[in-house]
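First comes the structure, then the notes that go with it.
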Amino acid sequence: PSPFRRCATLSNTFVTETSELADIEWDNLGFAFLSTDYMYVMKCAQGENFSKGELQRFGNIELSPSAGVLNYGQGLFEGMKAYRKQDGNILLFRPEENALRMRLGAERMCMPSPSVEQFVDAVKATVLANKRWVPPPGKGSLYIRPLLMGSGAVLGLAPAPEYTFLIYVSPVGNYFKEGVAPINLIVEHELHRATPGGTGGVKTIGNYAAVLKAQSAAKAKGYSDVLYLDCVHKRYLEEVSSCNIFVVKDNIISTPEIKGTILPGITRKSIIDVARSEGFQVEERQVAVDELLDADEVFCTGTAVVVSPVGSITYHGKRVSYGEGGFGAVSEKLYSVLTRLQMGLIQDKMDWTVEL
Ligand code: COI
């Protein structure tokens with residue numbers, strides 16, 4: 001019999017290896033790209049709606065040098081994770097939230113976007129086609145990266161004439177090299193990530209290019225990442241390059257409010273709900289940088305970073321430390337509830353997980 005199995009997909013057929021797990025070293029996954037078997041591709045012309053996509057063998061894509069995304073940064077991405085349960089089934093976490101966020105971002109960036117149903121169906125098809133790359137329970141997750149880009153050629157500044165929605169996946173472990181040990185942040189007081197009226201509140205690719213300079217400088221000095229301040233007052237916390245920030249004081253959890261310059265993280269939103277359901281008071285408000293001085297705990301949230309405890313923050317040369325080298329009690333509790341829910345280890349009373 002053939003080692004391959006034919007599967008029906010949204011629009012065509014493809015073959016997938018029958019082996020249960022890819023033959024890689026599962027114990028030491030970090031957050032680095034590993035190519036997998038399939039990617040999902042769907043295109044549409046400007047002014048039209050996405051209608052038909054397909055799974056393709058993973059590989060390079062062809063773009064005109066004049067593509068809108070290459071010349072004018074017309075692009076968005078999403079980040080999601082799939083976990084393998086003990087029974088072998090796969091769990092997605094709130095995929096419709098990523099679909100909705102991509103739709104909001106697409107509106108800001110003048111792009112058409114897949115419907116929520118198209119997005120979620122495409123994610124499911126891509127994960128199932130790459131099932132052998134979903135790490136065994138406890139070894140990590142399959143990171144899912146949906147992209148939306150202006151792929152048509154433009155020369156004068158204008159929305160591209162054609163768009164490509166693409167999903168690829170890669171197995172991952174911890175995001176920071178520290179693993180789940182606390183990270184050390186430095187507050188950036190010259191460069192800014194986002195401006196009022198800009199695109200900081202959507203997941204456009206340029207937001208991430210814009211932080212590389214400060215992030216590289218911070219890493220060269222031994223810090224894990226950069227914490228940004230608002231560009232108007234240079235006083236209120238915004239976010240870290242790749243994640244949202246939370247501050248705990250006397251069991252009250254505070255996080256910068258969403259006001260256009262902060263990425264509305266799905267992990268952020270989920271942690272707020274988990275914290276409230278665990279009886280904590282959560283405040284979404286302006287959080288002043290001085291509040292870091294007497295905070296009990298600080299932690300970051302994001303799809304890639306999950307919940308990462310912050311061990312120290314340096315601001316204008318002054319270093320404040322938190323905890324004793326591990327999670328604080330509050331962040332540990334929230335991390336534990338969220339990750340057990342995402343991995344299917346506790347009952348999902350929130351109805352957030354989608355089982356494949
Ligand atoms: C994610 O957490 O999924 C992100 O999109 C952040 C990225 C820089 C890894």
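Letters for chains follow the order of the structure tokens (A, B, ...), residue numbers begin at 1 for each chain, and ligand numbers begin at 1 in the order shown.
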May I have the residues within 9 Å of ligand 1, computed using only C-alpha atoms and all ligand atoms, as a PDB file with C-alpha atoms, in the first residue's frame?
ATOM      1  CA  PHE A  31      11.377  29.534  18.763  1.00  0.00           C
ATOM      2  CA  PHE A  77       0.328  38.612  10.223  1.00  0.00           C
ATOM      3  CA  GLU A  78      -1.235  36.576  12.984  1.00  0.00           C
ATOM      4  CA  GLY A  79       0.206  34.181  15.535  1.00  0.00           C
ATOM      5  CA  MET A  80      -1.613  31.154  16.949  1.00  0.00           C
ATOM      6  CA  LYS A  81      -0.696  27.835  18.526  1.00  0.00           C
ATOM      7  CA  TYR A 143       3.031  27.791  15.894  1.00  0.00           C
ATOM      8  CA  ILE A 144       0.621  28.910  13.169  1.00  0.00           C
ATOM      9  CA  ARG A 145       1.512  31.994  11.149  1.00  0.00           C
ATOM     10  CA  TYR A 175      10.103  31.979  22.900  1.00  0.00           C
ATOM     11  CA  LYS A 203      -0.649  43.460  13.549  1.00  0.00           C
ATOM     12  CA  TYR A 208       7.832  44.656  14.076  1.00  0.00           C
ATOM     13  CA  SER A 241       8.440  44.287  21.229  1.00  0.00           C
ATOM     14  CA  SER A 242       6.508  41.039  20.887  1.00  0.00           C
ATOM     15  CA  CYS A 243       4.099  40.923  23.832  1.00  0.00           C
ATOM     16  CA  GLY A 265      -3.343  40.564  22.322  1.00  0.00           C
ATOM     17  CA  THR A 267      -3.478  36.119  25.276  1.00  0.00           C
ATOM     18  CA  THR A 301       1.701  37.834  27.678  1.00  0.00           C
ATOM     19  CA  GLY A 302       1.531  36.852  24.019  1.00  0.00           C
ATOM     20  CA  THR A 303       0.869  33.854  21.829  1.00  0.00           C
ATOM     21  CA  ALA A 304       4.567  33.225  21.346  1.00  0.00           C
ATOM     22  CA  VAL A 305       5.690  34.119  24.888  1.00  0.00           C
ATOM     23  CA  VAL A 306       2.522  32.703  26.593  1.00  0.00           C
TER      24      VAL A 306
END
Mind running range 64-130 of chain A against range 339-347 of chain A at 10 Å and telling me each contacting residue's nearest atom pair with the distance in Å (one decimal), counting only C-alpha atoms, chain and number ascending, as a Markdown table?
| residue | atom | partner | partner_atom | distance |
| --- | --- | --- | --- | --- |
| A:Lys81 | CA | A:Gln342 | CA | 9.0 |
| A:Ala82 | CA | A:Gln342 | CA | 8.4 |
| A:Tyr83 | CA | A:Met343 | CA | 5.7 |
| A:Arg84 | CA | A:Met343 | CA | 7.0 |
| A:Lys85 | CA | A:Met343 | CA | 6.2 |
| A:Gln86 | CA | A:Gly344 | CA | 8.5 |
| A:Asp87 | CA | A:Gly344 | CA | 9.9 |
| A:Asn89 | CA | A:Gly344 | CA | 9.6 |
| A:Ile90 | CA | A:Met343 | CA | 8.7 |
| A:Leu91 | CA | A:Met343 | CA | 6.9 |
| A:Leu92 | CA | A:Gln342 | CA | 7.6 |
| A:Phe93 | CA | A:Gln342 | CA | 6.3 |
| A:Arg94 | CA | A:Gln342 | CA | 9.5 |
Q: May I have all residues of range 193-238 of chain A that DSSP, computed from the backbone, assigns to helix (DSSP H, G or I), given as a list in words?
A: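 Assigned to helix (DSSP H, G or I), within range 193-238 of chain A: Ile205, Gly206, Asn207, Tyr208, Ala209, Leu212, Lys213, Ala214, Gln215, Ser216, Ala217, Ala218, Lys219 and Ala220 of chain A.
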Q) Using only C-alpha atoms, which of A:Lys234, A:Lys131, A:Arg276, A:Lys52 sits nearest Glu188 in chain A? A)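 Residue with the minimum atom-to-atom distance to Glu188 in chain A: A:Lys234.
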Per-residue nearest contacts of range 266-288 of chain A to range 245-256 of chain A (8 Å; only C-alpha atoms) as a tab-separated table:
residue	atom	partner	partner_atom	distance
A:Phe280	CA	A:Ile252	CA	6.5
A:Gln281	CA	A:Ile252	CA	5.2
A:Val282	CA	A:Ile253	CA	4.7
A:Glu283	CA	A:Ser254	CA	4.7
A:Glu284	CA	A:Thr255	CA	5.1
A:Arg285	CA	A:Pro256	CA	5.2
A:Gln286	CA	A:Pro256	CA	5.2
A:Val287	CA	A:Pro256	CA	5.7
Q | Of the listed residues A:Glu162, A:Glu190, A:Glu96, A:Glu297, that which approaches Phe119 in chain A most closely, counting only C-alpha atoms | A | A:Glu96
